[in-house]
Every structure is written in C-alpha cells, then in structure tokens.
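*Asks:* Please read through the structure below; I'll follow up with questions.
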Amino acid sequence: MNLRTFIDQKGYGNNPRRLMEDLIHLVFLALGLVAVGSVLVITIYLVVSGLPAIFKIGPVEFLFGTRWASTASEPEFGILPFILTSIYGTAGAIIIGVPIGFFAAVFLAKMAPRRVREVMELCIGVLAGIPSVVYGLVGMTILVPGIRVVFNVPDGATLFAAIIVLAVMILPSVINVSLSAIQAVPREYEEASLALGATSTETYFKVTVPAAKSGIFTAIVLGIGRAIGEAMAIMMVAGNVANMPSLFKSVRFLTTAVASEMSYSSGLQREALFSIALVLFLFIMIINAILNVLKTGGNRK
Amino acid sequence: MKKIFMIMLVAVLSMAAVFASGAAEDSATVSTDGSTSMEQVILSLAEQYMADHQGVNITYNPTGSGTGITAALEGRCDIGLSSRALKDDEIASGLTQTIIALDGIAIIVNADNPVSDLSIDQIHDLFTGAITNWSEVGGNDAPVVAIGREAGSGTRDGFESITGTEDACTYSQELTSTGAVITAVSQNPGAIGYASLASNLESVKTVTVEGVAPSEATVQSGEYKIQRPFVFATLTNTPLSDAAQAFFDYCTSADADAIIAGAGAVPVAQ
C-alpha cells in the first residue's frame with residue numbers, strides 16, 4: 001500500500017483532526033510501551049544472566065544447599081538459608097504487622113472521632129513516605145542495641161530486629177488497603193445487623209469484616225510483597241551472616257544477599273548473585289499472581 | 001530589533017570565548033576504578049594533581065577491588081585500584097601491580113573493653129569462635145561478638161589472609177562498609193572488628209597487636225603485622241596514555257608521600 005492510498009483510506013486528506021487524533025494515540029501507545037518494555041528487558045536480562053550459574057552449581061545444590069561461602073577457596077553456593085530467612089522474616093512481619101494494621105483500619109473506619117482520624121491518617125501517610133534507609137538507621141541505632149539489652153543476647157542484629165522493622169514498614173499499606181475495603185462495605189449491611197439488636201462491635205467483626213474479606217487478603221498479600229522485596233532497611237539491622245534462620249541469630253535475606261556482595265563480586269559469585277535475584281523475582285511474580293487472583297475474585301462478587 | 005540583535009551577538013561572542021578558552025588548555029581524562037578503601041587516598045592525590053595541572057581531569061569510580069581489576073584488564077579505565085595484592089592469575093592475564101601505599105588494618109573493640117593488647121593467635125581465636133568470652137583474654141565476662149565485612153571486601157580479604165582466618169570466621173555481623181563496622185563495634189560492649197587505619201576510629205578503641213600499636217612508622221617498618229598494600233593495576237603490554245602516565249608517576253613519586261599520609265594511609269618507604 002502506498003502512502004497516498006493509505007491517506008485516502010483513512011480520510012486524513014479532508015479531515016486533519018483525525019490525523020492529529022491518531023498521531024496522539026500513537027504517542028500514548030509508545031509511552032505505555034515503555035513500562036511493558038522495561039518489564040520485558042528486566043525479565044529477559046535476569047533469566048539470561050541468572051540461569052547459567054544455577055546449572056553450573058546444580059539446581060539442587062543451589063536451591064537446597066545450606067551453606068553459602070562465595071569467596072572460600074572451595075566456594076559453596078547454597079541459598080536455602082536466604083530463602084528460608086526471607087520466608088520466615090516475611091511471615092514474622094505479617095504475624096506482627098497485619099493484626100496491628102487491621103485493627104487500626106477497623107478503628108479508623110468505624111470508631112475514630114473525626115479529629116483523631118485525620119491526625120492518624122496524616123501519620124500513616126508520613127510513615128509510608130519515610131525512606132527505607134531511615135528505617136534502617138533508626139533500627140540500627142535504637143532497635144539493635146535495645147534487643148541486645150532486653151533479650152540479653154550477645155548481639156542485637158538478628159532476624160527478630162528485621163521482623164520488627166519489616167512489620168512497621170508494611171503497616172501503611174496494610175492499613176490503607178484494609179481501610180478502603182472496610183469503607184466499601186455497604187452501610188445497609190451494618191444497619192440491618194444493628195436493627196436486629198447486635199452491638200456495634202459485633203456488627204463490625206461479624207458483618208463488616210467478613211464482607212471486606214477479599215480486600216483484607218489483598219492488604220496481606222501487598223504487605224508480603226513489600227516485606228519480601230525490602231533490602232536496605234534489613235541490611236542495616238539483620239547482621240547479614242548466611243546462617244540458617246533462627247530468631248536471635250544474624251541472618252541474610254534474598255535481597256540482602258544480592259545487595260551486600262554485589263560491589264566486590266566477581267566470576268561465579270557474581271553470576272550466582274544474579275541467580276538469587278532471579279529466585280527473588282519468581283517469588284515476587286507468584287505474589288503478584290496471587291494478588292491478581294484475589295482482586296478479580298473480589299470484583300466478581 | 002537592533003537591541004535583540006546586539007544581545008544575541010554578545011551571547012554568541014561570550015559563548016565562543018568560553019569554548020575557546022576551554023580548547024586552549026589541553027584537556028585529558030584519567031579514569032581510575034576500584035577499591036572503596038582507597039577512596040580517601042586516590043581522591044586526595046587527584047585533587048592535588050588536578051590543582052597543579054590545569055585541564056587534566058581525574059575520575060574515580062568506587063566499585064571495589066575486584067571490579068577495578070577487571071575494569072583495568074578490559075581497558076574500561078586507565079588505572080585499576082586494588083586494596084590487595086594482585087593474584088597470580090590476574091598478573092598472568094596481563095596486569096602489572098605497583099604498590100603506591102600501605103594500609104594498616106586496625107583491630108577495634110568497644111571503648112569500654114579493658115583489653116588493650118592481642119596477639120595474632122588470640123585475634124584468630126576470637127574471630128573463629130575458639131574464644132567465646134572476653135575473660136579468656138583478660139577482659140570482662142562478656143560474650144565475644146565478631147563483626148566483619150562482606151565476602152569480597154578488600155579489608156576482609158586482607159584481614160583474613162594476614163590472620164589465617166580465611167573461610168573460618170564466625171561473624172555475628174557482616175557489614176558492607178567500614179563506617180558500619182565502626183558504628184556496630186561502638187554500640188556493643190562485647191564487639192571486636194577490623195577497619196582500615198585510614199578511617200576515623202575515634203568512637204572505638206584500637207588495640208595493639210603483639211605490643212605494636214598501628215601507626216605510620218610501625219606499618220612502614222613492617223613491625224605492625226596486620227597491613228596490606230594499596231595497588232595500582234595497569235595493563236602490562238599496553239602503555240598508559242600520556243596523561244595517565246604522568247599521574248601514575250606523580251603518585252609513585254616522593255611528592256605524593258605527604259598527600260598519602262594526609263589521607264590516612266602509609267607511603268611506601270622510598
């Protein structure tokens with residue numbers, strides 16, 4: 001097709017505004033493709049640079065090896081300690097952070113007087129905006145020595161310290177998402193319950209919360225996503241030793257394993273760090289998939 | 001209209017003047033890449049050199065010894081910076097090392113720790129976990145908390161190879177910077193760590209090793225045992241650019257000694 005017939009077909013000749021419209025659509029499409037392209041580039045790069053080391057080390061030794069000694073004379077690259085630490089650390093943060101965030105959301109949505117709610121929402125907004133390095137700094141100078149004194153352990157830089165920091169870090173997203181889920185429950189549900197003689201607390205926990213269930217699950221999964229991907233803050237409080245996880249031991253997460261050794265790494269060590277990043281990426285993908293299922297499930301209702 | 005024309009003319013002329021004066025100087029760039037431990041030394045040398053030689057620009061990319069050596073080998077920088085001696089295979093692959101300075105690695109403990117002298121053997125045992133309580137080396141009844149650097153760090157490599165603790169240390173924390181190690185040691189009464197002598201050690205206590213305190217004189221004479229070289233890695237078969245060679249000569253000359261000492265490292269004895 002030559003240009004002339006193309007222009008005639010589209011009718012641009014006698015309608016320049018249509019040409020303009022189509023051009024703008026093209027520009028917007030290109031801008032949209034930037035995001036898609038970034039994801040593609042990152043995925044392809046991670047797979048290409050992360051897979052070879054997994055096969056060089058051996059998938060079983062890599063994923064289930066319990067010892068990481070990347071610069072030893074006979075290096076070992078087992079990342080089970082990192083995987084388990086990431087899972088335990090995230091689970092701990094959820095166990096502590098979600099109840100706090102959830103009850104705070106119920107309070108904000110249903111019980112708080114207007115002034116209190118405004119102040120609390122402002123604080124939550126600030127908490128969400130604090131950079132993770134600041135969480136790490138405060139954790140390092142206050143939480144770590146505090147844990148050492150309170151629990152009488154030799155060193156406070158432990159999994160426990162990381163869990164506390166992560167629990168605080170996931171609070172804003174847990175609160176905000178649960179809050180909008182609870183607020184989205186139709187008023188009639190609650191009025192019906194109250195009319196039948198239930199107290200307001202009974203109503204909130206037996207009617208409102210079950211109705212907001214899928215939104216609250218979304219909040220939990222978002223919290224998991226935030227916690228598992230965090231690196232900077234926990235690098236400063238967790239001690240970064242590749243131990244098998246235990247509450248009062250120094251541990252290394254998947255994220256910190258990549259970040260802490262990257263600057264001086266070389267050879268297979270560096271390739272293995274990309275492989276760790278690939279494993280972390282898969283974890284995040286799974287969490288995103290769960291999140292999508294939850295969201296569509298919630299909409300269908 | 002005339003006014004606008006005049007303004008534009010002045011603007012064009014002044015721009016031409018700027019570019020002309022820039023072109024009149026011979027501008028050259030010398031790129032260095034590598035060890036973060038050498039940051040203070042290389043930046044002080046570069047600052048003095050650039051002040052003395054107008055038009056020369058010296059860049060420093062703080063990546064780490066391993067990356068710096070690779071960068072030098074691949075020709076991505078003029079001079080690779082390494083805070084450890086080059087390995088045999090690195091020399092075999094076509095690199096030459098030139099020691100420009102020495103760095104003592106200080107053994108640091110918490111300021112409240114009464115222990116003030118340790119032998120290399122004791123340091124070995126404290127870091128490997130053979131000694132778990134400070135009372136075994138004449139200190140308080142407190143657990144030993146060994147704090148070190150991450151795998152691949154030049155300081156860690158230097159410390160472990162000198163004390164014979166390669167792959168044997170049981171660390172409580174592996175931190176990614178000298179500053180983080182010093183902070184962690186200053187906060188924990190049972191902590192022991194290591195840090196470059198070039199860093200600010202005011203908040204912690206530096207112990208003597210086999211009776212020798214780390215200092216410029218004791219490192220240079222070799223009396224202080226825990227020390228490592230700061231190395232320039234260059235390609236063996238490819239000559240440096242003129243500008244890079246001039247900077248290299250300056251750094252290895254006696255003129256640079258005062259600058260190196262000012263940056264906390266120890267100049268090589270001439």
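Chain identifiers are assigned as A, B, and so on, following the order in which chains appear in the structure tokens; residues are numbered from 1 within each chain, and ligands are numbered from 1 in order of appearance.
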Give me the residues near Val174 in chain A as JSON, numbers by chain, where near means some atom within 8 Å (using only C-alpha atoms) and where sequence neighbours in that chain fewer than 3 positions away do not count.
*Replies:* {"A": [98, 101, 102, 170, 171, 177, 178, 216, 219, 220, 222, 223]}
*Asks:* Given a cut-off of 8 Å, which residues of chain A touch chain B, counting only C-alpha atoms, written out as a list of chain:residue names?
*Replies:*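 Taken together, these residues fit the definition: A:Ala69, A:Ser70, A:Thr71, A:Ala72, A:Ser73, A:Thr141, A:Pro145, A:Pro154, A:Asp155, A:Ala157, A:Met236, A:Ala238, A:Gly239, A:Asn240, A:Val241, A:Lys249, A:Ser250, A:Ser260, A:Glu261, A:Ser263, A:Tyr264, A:Ser265, A:Ser266.
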*Asks:* Here is a test: counting only C-alpha atoms, which residue of A:Ala162, A:Leu51, A:Leu29, A:Leu80 is nearest to Ile228 in chain A?
*Replies:*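 The shortest atom-to-atom distance to Ile228 in chain A comes from A:Ala162.
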*Asks:* Excluding Thr252 in chain B and its own-chain neighbours fewer than 2 positions away, which residues fall within 6 Å of it when counting only C-alpha atoms? Please give them as number ranges by chain.
*Replies:* B: 100, 249-250
*Asks:* Keeping only N, CA and C atoms, write the selected residues to a file as a short mmCIF file (atom, residue, chain, number, x, y, z; two decimals), in the first residue's frame.
*Replies:*
```cif
data_model
loop_
_atom_site.label_atom_id
_atom_site.label_comp_id
_atom_site.auth_asym_id
_atom_site.auth_seq_id
_atom_site.Cartn_x
_atom_site.Cartn_y
_atom_site.Cartn_z
N ILE B 100 51.45 1.64 45.76
CA ILE B 100 51.65 3.08 45.94
C ILE B 100 51.59 3.47 47.41
N ASP B 249 53.13 8.52 37.55
CA ASP B 249 54.47 8.89 38.02
C ASP B 249 54.39 9.78 39.26
N TYR B 250 53.40 10.69 39.23
CA TYR B 250 53.23 11.59 40.38
C TYR B 250 52.91 10.78 41.64
#
```
*Asks:* Tell me which protein, DNA and RNA residues are within 8 Å of Leu159 in chain A, counting only C-alpha atoms, leaving out same-chain ones fewer than 4 positions away, and put them as an mmCIF file with N, CA and C atoms, in the first residue's frame.
*Replies:*
```
data_model
loop_
_atom_site.group_PDB
_atom_site.id
_atom_site.type_symbol
_atom_site.label_atom_id
_atom_site.label_comp_id
_atom_site.auth_asym_id
_atom_site.auth_seq_id
_atom_site.Cartn_x
_atom_site.Cartn_y
_atom_site.Cartn_z
ATOM 1 N N THR A 85 15.105 -17.571 55.302
ATOM 2 C CA THR A 85 15.104 -16.309 56.039
ATOM 3 C C THR A 85 14.070 -15.354 55.461
ATOM 4 N N GLY A 89 11.134 -14.281 57.755
ATOM 5 C CA GLY A 89 11.118 -12.857 58.056
ATOM 6 C C GLY A 89 9.809 -12.222 57.614
ATOM 7 N N ILE A 163 12.415 -8.478 61.591
ATOM 8 C CA ILE A 163 10.955 -8.680 61.585
ATOM 9 C C ILE A 163 10.252 -7.430 62.116
ATOM 10 N N ALA A 238 19.935 -6.728 60.200
ATOM 11 C CA ALA A 238 19.861 -8.192 60.314
ATOM 12 C C ALA A 238 21.224 -8.851 60.460
ATOM 13 N N PRO A 245 18.134 -19.665 59.355
ATOM 14 C CA PRO A 245 17.428 -18.690 60.187
ATOM 15 C C PRO A 245 17.054 -19.205 61.577
ATOM 16 N N SER A 246 17.161 -18.322 62.524
ATOM 17 C CA SER A 246 16.713 -18.571 63.882
ATOM 18 C C SER A 246 16.477 -17.194 64.472
ATOM 19 N N LEU A 247 15.526 -17.069 65.379
ATOM 20 C CA LEU A 247 15.014 -15.755 65.767
ATOM 21 C C LEU A 247 16.105 -14.819 66.277
ATOM 22 N N PHE A 248 17.042 -15.344 67.081
ATOM 23 C CA PHE A 248 18.055 -14.455 67.647
ATOM 24 C C PHE A 248 19.434 -14.702 67.046
ATOM 25 N N LYS A 249 19.452 -15.014 65.760
ATOM 26 C CA LYS A 249 20.715 -15.168 65.067
ATOM 27 C C LYS A 249 20.781 -14.154 63.937
ATOM 28 N N SER A 250 22.019 -13.817 63.567
ATOM 29 C CA SER A 250 22.220 -12.924 62.447
ATOM 30 C C SER A 250 21.867 -13.676 61.164
ATOM 31 N N VAL A 251 21.106 -13.055 60.285
ATOM 32 C CA VAL A 251 20.631 -13.751 59.086
ATOM 33 C C VAL A 251 20.795 -12.891 57.839
#
```
*Asks:* Hey, what's within 9 Å of Lys225 in chain B if we count only C-alpha atoms and toss same-chain stuff fewer than 4 positions away? As a PyMOL selection string, please?
*Replies:* chain B and resi 104-105+120+162-163+209-210+212+214+218-219
*Asks:* Kindly save the residues from that selection, with C-alpha atoms included, as a short mmCIF file (atom, residue, chain, number, x, y, z; two decimals), in the first residue's frame.
*Replies:*
```cif
data_model
loop_
_atom_site.label_atom_id
_atom_site.label_comp_id
_atom_site.auth_asym_id
_atom_site.auth_seq_id
_atom_site.Cartn_x
_atom_site.Cartn_y
_atom_site.Cartn_z
CA GLY B 104 47.32 -0.86 58.34
CA ILE B 105 44.18 -2.73 59.37
CA ILE B 120 47.65 -12.64 66.16
CA ILE B 162 47.02 -11.98 57.44
CA THR B 163 45.45 -13.63 60.49
CA VAL B 209 48.85 -6.25 68.14
CA GLU B 210 51.70 -8.16 69.81
CA VAL B 212 52.76 -2.82 68.50
CA PRO B 214 49.23 0.59 64.39
CA THR B 218 55.12 0.65 62.52
CA VAL B 219 53.31 -0.20 59.29
#
```
*Asks:* List every residue of range 118-269 of chain B that DSSP, applied to the backbone of this structure, assigns to strand (DSSP E or B), and report them as a ChimeraX atom specification.
*Replies:* /B:118,133,143,145-149,173-175,191-196,205-206,208-209,212,227-235,266-267
*Asks:* In range 62-297 of chain A, what's alpha helix (DSSP H) per DSSP? Answer as number ranges by chain?
*Replies:* A: 62-64, 80-106, 114-129, 132-138, 144-150, 159-183, 187-195, 200-203, 209-211, 213-229, 232-237, 254-262, 267-297
*Asks:* Can you pull out the residues contacting range 31-48 of chain A? Cut-off 10 Å, using only C-alpha atoms, and skip same-chain residues under 2 positions away; I want them as a VMD selection string.
*Replies:* chain A and resid 25 to 29 50 to 53 274 to 279 281 to 282
*Asks:* Can I get the selection written as a CSV table (one decimal), in the first residue's frame, with N, CA and C atoms?
*Replies:*
```
chain,number,residue,atom,x,y,z
A,25,HIS,N,-2.8,9.1,19.6
A,25,HIS,CA,-2.9,7.7,20.1
A,25,HIS,C,-1.6,7.0,20.0
A,26,LEU,N,-0.9,7.2,18.9
A,26,LEU,CA,0.4,6.5,18.7
A,26,LEU,C,1.4,6.9,19.7
A,27,VAL,N,1.5,8.2,20.0
A,27,VAL,CA,2.4,8.7,21.0
A,27,VAL,C,2.1,8.1,22.4
A,28,PHE,N,0.8,8.1,22.7
A,28,PHE,CA,0.4,7.5,24.0
A,28,PHE,C,0.8,6.0,24.1
A,29,LEU,N,0.5,5.3,23.0
A,29,LEU,CA,0.9,3.9,22.9
A,29,LEU,C,2.3,3.7,23.2
A,50,GLY,N,20.9,-15.0,35.1
A,50,GLY,CA,20.7,-15.8,36.3
A,50,GLY,C,20.7,-17.3,36.1
A,51,LEU,N,20.3,-17.8,35.0
A,51,LEU,CA,20.1,-19.2,34.8
A,51,LEU,C,21.5,-20.0,34.7
A,52,PRO,N,22.5,-19.4,34.0
A,52,PRO,CA,23.7,-20.2,33.8
A,52,PRO,C,24.3,-20.7,35.1
A,53,ALA,N,24.4,-19.8,36.1
A,53,ALA,CA,25.1,-20.1,37.3
A,53,ALA,C,24.3,-21.3,38.0
A,274,PHE,N,23.1,-13.0,40.6
A,274,PHE,CA,22.0,-12.8,39.6
A,274,PHE,C,21.0,-13.9,39.7
A,275,SER,N,21.5,-15.1,40.0
A,275,SER,CA,20.6,-16.3,40.2
A,275,SER,C,19.7,-16.1,41.4
A,276,ILE,N,20.3,-15.5,42.5
A,276,ILE,CA,19.5,-15.2,43.6
A,276,ILE,C,18.4,-14.2,43.3
A,277,ALA,N,18.8,-13.2,42.5
A,277,ALA,CA,17.9,-12.2,42.1
A,277,ALA,C,16.7,-12.8,41.3
A,278,LEU,N,17.1,-13.8,40.5
A,278,LEU,CA,16.1,-14.5,39.7
A,278,LEU,C,15.1,-15.2,40.6
A,279,VAL,N,15.6,-15.9,41.6
A,279,VAL,CA,14.7,-16.6,42.6
A,279,VAL,C,13.8,-15.6,43.2
A,281,PHE,N,12.9,-12.7,42.1
A,281,PHE,CA,11.9,-12.3,41.1
A,281,PHE,C,10.8,-13.2,40.9
A,282,LEU,N,11.1,-14.6,40.9
A,282,LEU,CA,10.0,-15.6,40.9
A,282,LEU,C,9.0,-15.5,42.0
```
*Asks:* Env of Gly264 in chain B: 8 Å cut, atoms = only C-alpha atoms, seq-sep filter 5 positions within chain, self excluded. Answer as a PyMOL selection string.
*Replies:* chain B and resi 40-41+197-199
*Asks:* Just to be explicit: take each residue in the selection above, keep C-alpha atoms, and write the result as a PDB file, in the first residue's frame.
*Replies:*
```pdb
ATOM      1  CA  GLN B  40      40.484   8.897  50.533  1.00  0.00           C
ATOM      2  CA  VAL B  41      43.959   8.293  49.124  1.00  0.00           C
ATOM      3  CA  LEU B 197      43.691   2.587  59.750  1.00  0.00           C
ATOM      4  CA  ALA B 198      42.764   5.363  57.331  1.00  0.00           C
ATOM      5  CA  SER B 199      39.243   5.554  58.734  1.00  0.00           C
TER       6      SER B 199
END
```
